[in-house]
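J.: Here it is, the structure, as structure tokens.
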Amino acid sequence: MKRKSFIETSFPVKEISEISAKEKNIRHGHISTLHIWWARRPLASSRATNYAALIPSTENIEEWNSIRHFIIELAKWENSLNSNIINKAREDILKEYGKPPRVLDPFSGGGSIPLEALRLGCEVHAVEYNPVAVLILKCTLEYPQKYGRPKELKEDWSLLKTTIKNPLLEDVKKWGEWVLEESKKEIGRFYPKDDDGSIPVGYIWARTIACQNLSCNAEIPLMRQFWLAKKNNKKVSLYPYVEGREVKFKIVGDGYEKMPAGFEPERGTVSRAVAVCPVCGGTVDDSTTRKLFQQGKAGQRMVAVVLHHPDEKGKTYRIATARDMEVFRQAEKYLEEKREKLMEEWGIDPVPDEELPPKETLGFRVQRYGMLKWGDLFNSRQKLALITFSEKVRQAYQKMIEEGYGQDYAKAVVSYLAIGINRLATYLAVLTRWRSDVLSFERAFDRQALPMVWDYGEVNPFSDARGCWDLEPMLEAIDHSSRINSAPTPQSSATSQENGGDDNENS
Ligand SMILES: [Zn+2]
């Protein structure tokens, strides 16, 4: 381009910023629902900057105004698949270059910039260094465009042709359900229903340390606060009380025993690693608390169960019982057995034994509590669930091959299932919290960091609540990306650019 590009002379910064900020609330079809990524650029600003960088500027004020107006319309999420607008943008770019211009994103990350260049009809090359990002990019820029197109099926036995709208989407759905069913058959028994048919949504645990007052030595359940439900129309809390030298709990609030006067649920037993003993009132300072964790002297106690009854609205709570703990121990025992079996089969420990990155990398702050390996981020039942789901995903691939699926296609399908496991892992971790304001579990990494969580939530992957095995948001993202009518994006290794180009399989 000989002339200056539009972006060199002007850009509707304020308007595009506003549209970009709104994007955070978009859930359906947005690539952010595919996989978490750090600092993923908004699609609106990516689309607008791509376009403004590719079209020429003008000195005609009317033309300038109309381009500016068009950029604002183009950036809007609701116009993402509007063929009139997208096609006009493509034509403008094509007019300037005569053929699709080549766009290289050397640090593609979450894939926003290359996806938007692809939408604008460019020849896109996406490069990344991080293998997780590469997987995200393949699932955003390559597989949907390659395998997400309508496919005609001709049955041998009839003259009728049937069209599958999106074979990739159908297969991810089908095999995702298969993985769920097979996992449930094997380990569903470790998340039993209550006698009244209520399904556990999850379990709330408290880390514990011993009171350092030698004459007390009580077990202190570490809880940041005691709220279970803190809504305008419903307030429910755990209430700690002391019996003998033991800290016990009951549930108080709306629908339960009356909340005792003067009780302040937001005042827990721990704040910034300083713990207060409910039995003797003594405190444990932060460095002692950390030391106890590092020395393996901290424990954990299941405190409460969050339930949902299929015939009723809302969630209910009860105190965890000996039976709940017994089931957990059975899961723990089964984990040992399964871990051994898979170790033999896979040749590696199925529970990740690699070390966590150094302290403070990407907000990892749990190392000072003795969590040093990836496997330490999960309790026994969570480990069991994650390795079982992983095993089923591997089996799904084998089954697809046996059923005659092409190898590359089967690999595409299981890539999405693997992303499903990643999603599950952010919910099935000892750093997941129960949120009393929204009444659901919040995944670890939600604040893009891994701080210590004293009272963590353990999600039931087979419930219908947030955090369970649910591929629906991903299916919508596949659907959206599949509708971007462009050639799949070649990707290349960041360390060997010369192997790029069409060599998709080795990247
Ligand atoms: Zn004490």
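Labels used: A, B, ... for chains in the order of the structure tokens, numbers from 1 for residues in each chain, and numbers from 1 for ligands as shown.
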Using only C-alpha atoms and all ligand atoms, what does the table of chain A residues within 9 Å of ligand 1 look like, with each row giving the shortest atom pair and its distance in Å to one decimal, sorted by chain and ascending number, as JSON lines?

T.:
```
{"residue": "A:Ala210", "atom": "CA", "partner": "ligand 1", "partner_atom_place_in_ligand_line": "1 (Zn)", "distance": 7.9}
{"residue": "A:Cys211", "atom": "CA", "partner": "ligand 1", "partner_atom_place_in_ligand_line": "1 (Zn)", "distance": 4.6}
{"residue": "A:Gln212", "atom": "CA", "partner": "ligand 1", "partner_atom_place_in_ligand_line": "1 (Zn)", "distance": 6.8}
{"residue": "A:Asn213", "atom": "CA", "partner": "ligand 1", "partner_atom_place_in_ligand_line": "1 (Zn)", "distance": 5.6}
{"residue": "A:Leu214", "atom": "CA", "partner": "ligand 1", "partner_atom_place_in_ligand_line": "1 (Zn)", "distance": 8.0}
{"residue": "A:Ser215", "atom": "CA", "partner": "ligand 1", "partner_atom_place_in_ligand_line": "1 (Zn)", "distance": 7.7}
{"residue": "A:Cys216", "atom": "CA", "partner": "ligand 1", "partner_atom_place_in_ligand_line": "1 (Zn)", "distance": 4.5}
{"residue": "A:Asn217", "atom": "CA", "partner": "ligand 1", "partner_atom_place_in_ligand_line": "1 (Zn)", "distance": 5.7}
{"residue": "A:Ala218", "atom": "CA", "partner": "ligand 1", "partner_atom_place_in_ligand_line": "1 (Zn)", "distance": 5.3}
{"residue": "A:Glu219", "atom": "CA", "partner": "ligand 1", "partner_atom_place_in_ligand_line": "1 (Zn)", "distance": 7.9}
{"residue": "A:Ile220", "atom": "CA", "partner": "ligand 1", "partner_atom_place_in_ligand_line": "1 (Zn)", "distance": 7.6}
{"residue": "A:Arg245", "atom": "CA", "partner": "ligand 1", "partner_atom_place_in_ligand_line": "1 (Zn)", "distance": 8.6}
{"residue": "A:Val276", "atom": "CA", "partner": "ligand 1", "partner_atom_place_in_ligand_line": "1 (Zn)", "distance": 7.8}
{"residue": "A:Cys277", "atom": "CA", "partner": "ligand 1", "partner_atom_place_in_ligand_line": "1 (Zn)", "distance": 4.6}
{"residue": "A:Pro278", "atom": "CA", "partner": "ligand 1", "partner_atom_place_in_ligand_line": "1 (Zn)", "distance": 6.7}
{"residue": "A:Val279", "atom": "CA", "partner": "ligand 1", "partner_atom_place_in_ligand_line": "1 (Zn)", "distance": 5.0}
{"residue": "A:Cys280", "atom": "CA", "partner": "ligand 1", "partner_atom_place_in_ligand_line": "1 (Zn)", "distance": 4.1}
{"residue": "A:Gly281", "atom": "CA", "partner": "ligand 1", "partner_atom_place_in_ligand_line": "1 (Zn)", "distance": 6.0}
{"residue": "A:Gly282", "atom": "CA", "partner": "ligand 1", "partner_atom_place_in_ligand_line": "1 (Zn)", "distance": 5.4}
{"residue": "A:Thr283", "atom": "CA", "partner": "ligand 1", "partner_atom_place_in_ligand_line": "1 (Zn)", "distance": 7.7}
```

J.: Env of segment 116-124 of chain A: 7 Å cut, atoms = only C-alpha atoms, seq-sep filter 6 positions within chain, self excluded. Answer as a list in words.

T.: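 Here the qualifying residues turn out to be Leu43, Ser46, Arg47, Asn50, Ile86, Ala89, Arg90, Pro100, Pro101, Arg102, Val103, Leu104, Ile484, Ser486 and Thr489 of chain A.
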
J.: May I ask which of the residues A:Leu377, A:Ile204, A:Leu450, A:Val438 is the closest one to Ala320 of chain A, counting only C-alpha atoms?

T.: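 Nearest to Ala320 of chain A: A:Ile204.
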
J.: Out of A:Met371, A:Val414, A:Leu135, A:Leu362, which residue has the shortest atom-to-atom distance to Gln448 of chain A when counting only C-alpha atoms?

T.: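 With only C-alpha atoms as the atom set, the closest residue is A:Leu362.
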
J.: To one decimal place, how far is atom CA of Gly29 of chain A from atom CA of Leu153 of chain A in Å?

T.: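 These two atoms are separated by 26.6 Å.
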
J.: For atom CA of Pro260 of chain A and atom CA of Val305 of chain A, quote the distance in Å rounded to one decimal.

T.: 21.4 Å

J.: Which residue, A:Trp454, A:Lys173, A:Phe190, A:Ser440, has the smallest gap to Thr289 of chain A when you use only C-alpha atoms?

T.: A:Trp454

J.: DSSP on the backbone: what in segment 377-500 of chain A comes out strand (DSSP E), as a PyMOL selection string?

T.: chain A and resi 433-435+440-442+457-459+491-493

J.: Can you write out the residues you just picked, keeping N, CA and C atoms, as a compact mmCIF listing (two decimals), in the first residue's frame?

T.:
```txt
# COMPACT_ATOMS: atom_id res chain seq x y z
N ARG A 433 -13.52 -21.86 44.76
CA ARG A 433 -14.26 -21.36 45.91
C ARG A 433 -15.76 -21.43 45.71
N TRP A 434 -16.46 -21.52 46.83
CA TRP A 434 -17.90 -21.40 46.84
C TRP A 434 -18.23 -19.91 46.92
N ARG A 435 -19.08 -19.42 46.03
CA ARG A 435 -19.46 -18.02 46.07
C ARG A 435 -20.87 -17.87 46.62
N SER A 440 -22.75 -20.38 43.37
CA SER A 440 -22.11 -21.40 42.54
C SER A 440 -20.62 -21.39 42.83
N PHE A 441 -19.94 -22.41 42.33
CA PHE A 441 -18.50 -22.50 42.55
C PHE A 441 -17.76 -21.66 41.51
N GLU A 442 -16.74 -20.99 41.95
CA GLU A 442 -15.92 -20.18 41.04
C GLU A 442 -14.63 -20.90 40.77
N GLY A 457 -14.01 -25.42 47.49
CA GLY A 457 -15.19 -26.17 47.07
C GLY A 457 -14.78 -27.33 46.17
N GLU A 458 -15.44 -28.45 46.35
CA GLU A 458 -15.18 -29.61 45.49
C GLU A 458 -16.43 -29.86 44.65
N VAL A 459 -16.35 -29.60 43.37
CA VAL A 459 -17.52 -29.69 42.48
C VAL A 459 -17.80 -31.15 42.12
N GLN A 491 -0.56 -22.96 10.83
CA GLN A 491 0.14 -22.53 12.04
C GLN A 491 1.53 -23.12 12.01
N SER A 492 2.44 -22.40 12.64
CA SER A 492 3.78 -22.95 12.64
C SER A 492 4.41 -22.80 14.00
N SER A 493 5.40 -23.61 14.19
CA SER A 493 6.12 -23.58 15.46
C SER A 493 6.89 -22.28 15.55
```

J.: Find the residues near Ile55 of chain A: any atom within 12 Å, counting only C-alpha atoms, skip ones fewer than 4 places away on the same chain, and give them as a PyMOL selection string.

T.: chain A and resi 1-11+48-51+64+67-68+70-71+88-97+101+120

J.: Closest to Val284 of chain A among A:Ala206, A:Val236, A:Arg301, A:Ser271, using only C-alpha atoms?

T.: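 That would be A:Ser271, the residue with the smallest distance to Val284 of chain A.
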
J.: Go through A:Ile31, A:Ile421, A:Met343, A:Ile348 one by one, measure the shortest atom-to-atom distance of each to Leu115 of chain A using only C-alpha atoms, and give the residue with the smallest value.

T.: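 Going through A:Ile31, A:Ile421, A:Met343, A:Ile348 one by one, the smallest distance to Leu115 of chain A is for A:Ile31.
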
J.: Could you list, as a list in words, every residue within 10 Å of Lys291 of chain A, counting only C-alpha atoms and ignoring same-chain residues fewer than 5 positions away?

T.: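 That gives Asp286, Gly296, Lys297, Ala298, Arg368, Tyr369 and Gly370 of chain A.
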
J.: Can you work out the spacing between atom CA of Phe293 of chain A and atom CA of Arg365 of chain A in Å, to one decimal?

T.: 13.3 Å

J.: What are the nearest atom pairs, with distances in Å to one decimal, for all residues of segment 376-419 of chain A that come at most 12 Å from segment 328-333 of chain A, using only C-alpha atoms, set out by chain and rising residue number as CSV?

T.:
```
residue,atom,partner,partner_atom,distance
A:Phe378,CA,A:Glu332,CA,11.9
A:Asn379,CA,A:Glu332,CA,8.9
A:Ser380,CA,A:Glu332,CA,5.3
A:Arg381,CA,A:Ala331,CA,5.7
A:Gln382,CA,A:Ala331,CA,9.3
A:Lys383,CA,A:Glu332,CA,9.0
A:Leu384,CA,A:Ala331,CA,7.3
A:Ala385,CA,A:Ala331,CA,9.3
A:Thr388,CA,A:Ala331,CA,11.8
```

J.: Could you write out the selected residues, including N, CA, C and O atoms, as a PDB file, in the first residue's frame?

T.:
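Output saved as selection-v7.pdb:
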```pdb
ATOM      1  N   PHE A 378      -5.044 -30.745  43.606  1.00  0.00           N
ATOM      2  CA  PHE A 378      -6.309 -31.498  43.558  1.00  0.00           C
ATOM      3  C   PHE A 378      -6.410 -32.443  44.747  1.00  0.00           C
ATOM      4  O   PHE A 378      -5.401 -33.037  45.145  1.00  0.00           O
ATOM      5  N   ASN A 379      -7.603 -32.608  45.301  1.00  0.00           N
ATOM      6  CA  ASN A 379      -7.767 -33.621  46.346  1.00  0.00           C
ATOM      7  C   ASN A 379      -7.989 -34.985  45.686  1.00  0.00           C
ATOM      8  O   ASN A 379      -8.105 -35.094  44.460  1.00  0.00           O
ATOM      9  N   SER A 380      -8.039 -36.034  46.506  1.00  0.00           N
ATOM     10  CA  SER A 380      -8.035 -37.394  45.942  1.00  0.00           C
ATOM     11  C   SER A 380      -9.199 -37.651  44.986  1.00  0.00           C
ATOM     12  O   SER A 380      -9.016 -38.229  43.914  1.00  0.00           O
ATOM     13  N   ARG A 381     -10.392 -37.217  45.391  1.00  0.00           N
ATOM     14  CA  ARG A 381     -11.538 -37.497  44.521  1.00  0.00           C
ATOM     15  C   ARG A 381     -11.452 -36.677  43.237  1.00  0.00           C
ATOM     16  O   ARG A 381     -11.865 -37.123  42.170  1.00  0.00           O
ATOM     17  N   GLN A 382     -10.899 -35.460  43.348  1.00  0.00           N
ATOM     18  CA  GLN A 382     -10.708 -34.638  42.141  1.00  0.00           C
ATOM     19  C   GLN A 382      -9.691 -35.285  41.207  1.00  0.00           C
ATOM     20  O   GLN A 382      -9.877 -35.318  39.984  1.00  0.00           O
ATOM     21  N   LYS A 383      -8.621 -35.819  41.791  1.00  0.00           N
ATOM     22  CA  LYS A 383      -7.616 -36.516  40.969  1.00  0.00           C
ATOM     23  C   LYS A 383      -8.255 -37.691  40.254  1.00  0.00           C
ATOM     24  O   LYS A 383      -8.052 -37.898  39.052  1.00  0.00           O
ATOM     25  N   LEU A 384      -9.042 -38.455  41.018  1.00  0.00           N
ATOM     26  CA  LEU A 384      -9.702 -39.626  40.435  1.00  0.00           C
ATOM     27  C   LEU A 384     -10.590 -39.205  39.262  1.00  0.00           C
ATOM     28  O   LEU A 384     -10.547 -39.810  38.190  1.00  0.00           O
ATOM     29  N   ALA A 385     -11.379 -38.141  39.471  1.00  0.00           N
ATOM     30  CA  ALA A 385     -12.283 -37.685  38.408  1.00  0.00           C
ATOM     31  C   ALA A 385     -11.482 -37.256  37.177  1.00  0.00           C
ATOM     32  O   ALA A 385     -11.791 -37.659  36.054  1.00  0.00           O
ATOM     33  N   THR A 388      -9.886 -40.136  35.330  1.00  0.00           N
ATOM     34  CA  THR A 388     -10.901 -40.982  34.691  1.00  0.00           C
ATOM     35  C   THR A 388     -11.424 -40.309  33.419  1.00  0.00           C
ATOM     36  O   THR A 388     -11.495 -40.943  32.354  1.00  0.00           O
TER      37      THR A 388
END
```

J.: Pick out the closest residue to Ile36 of chain A from this set: A:His480, A:Lys146, A:Arg447, A:Arg323. Count only C-alpha atoms.

T.: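 Of all the options, A:Arg447 lies closest to Ile36 of chain A.
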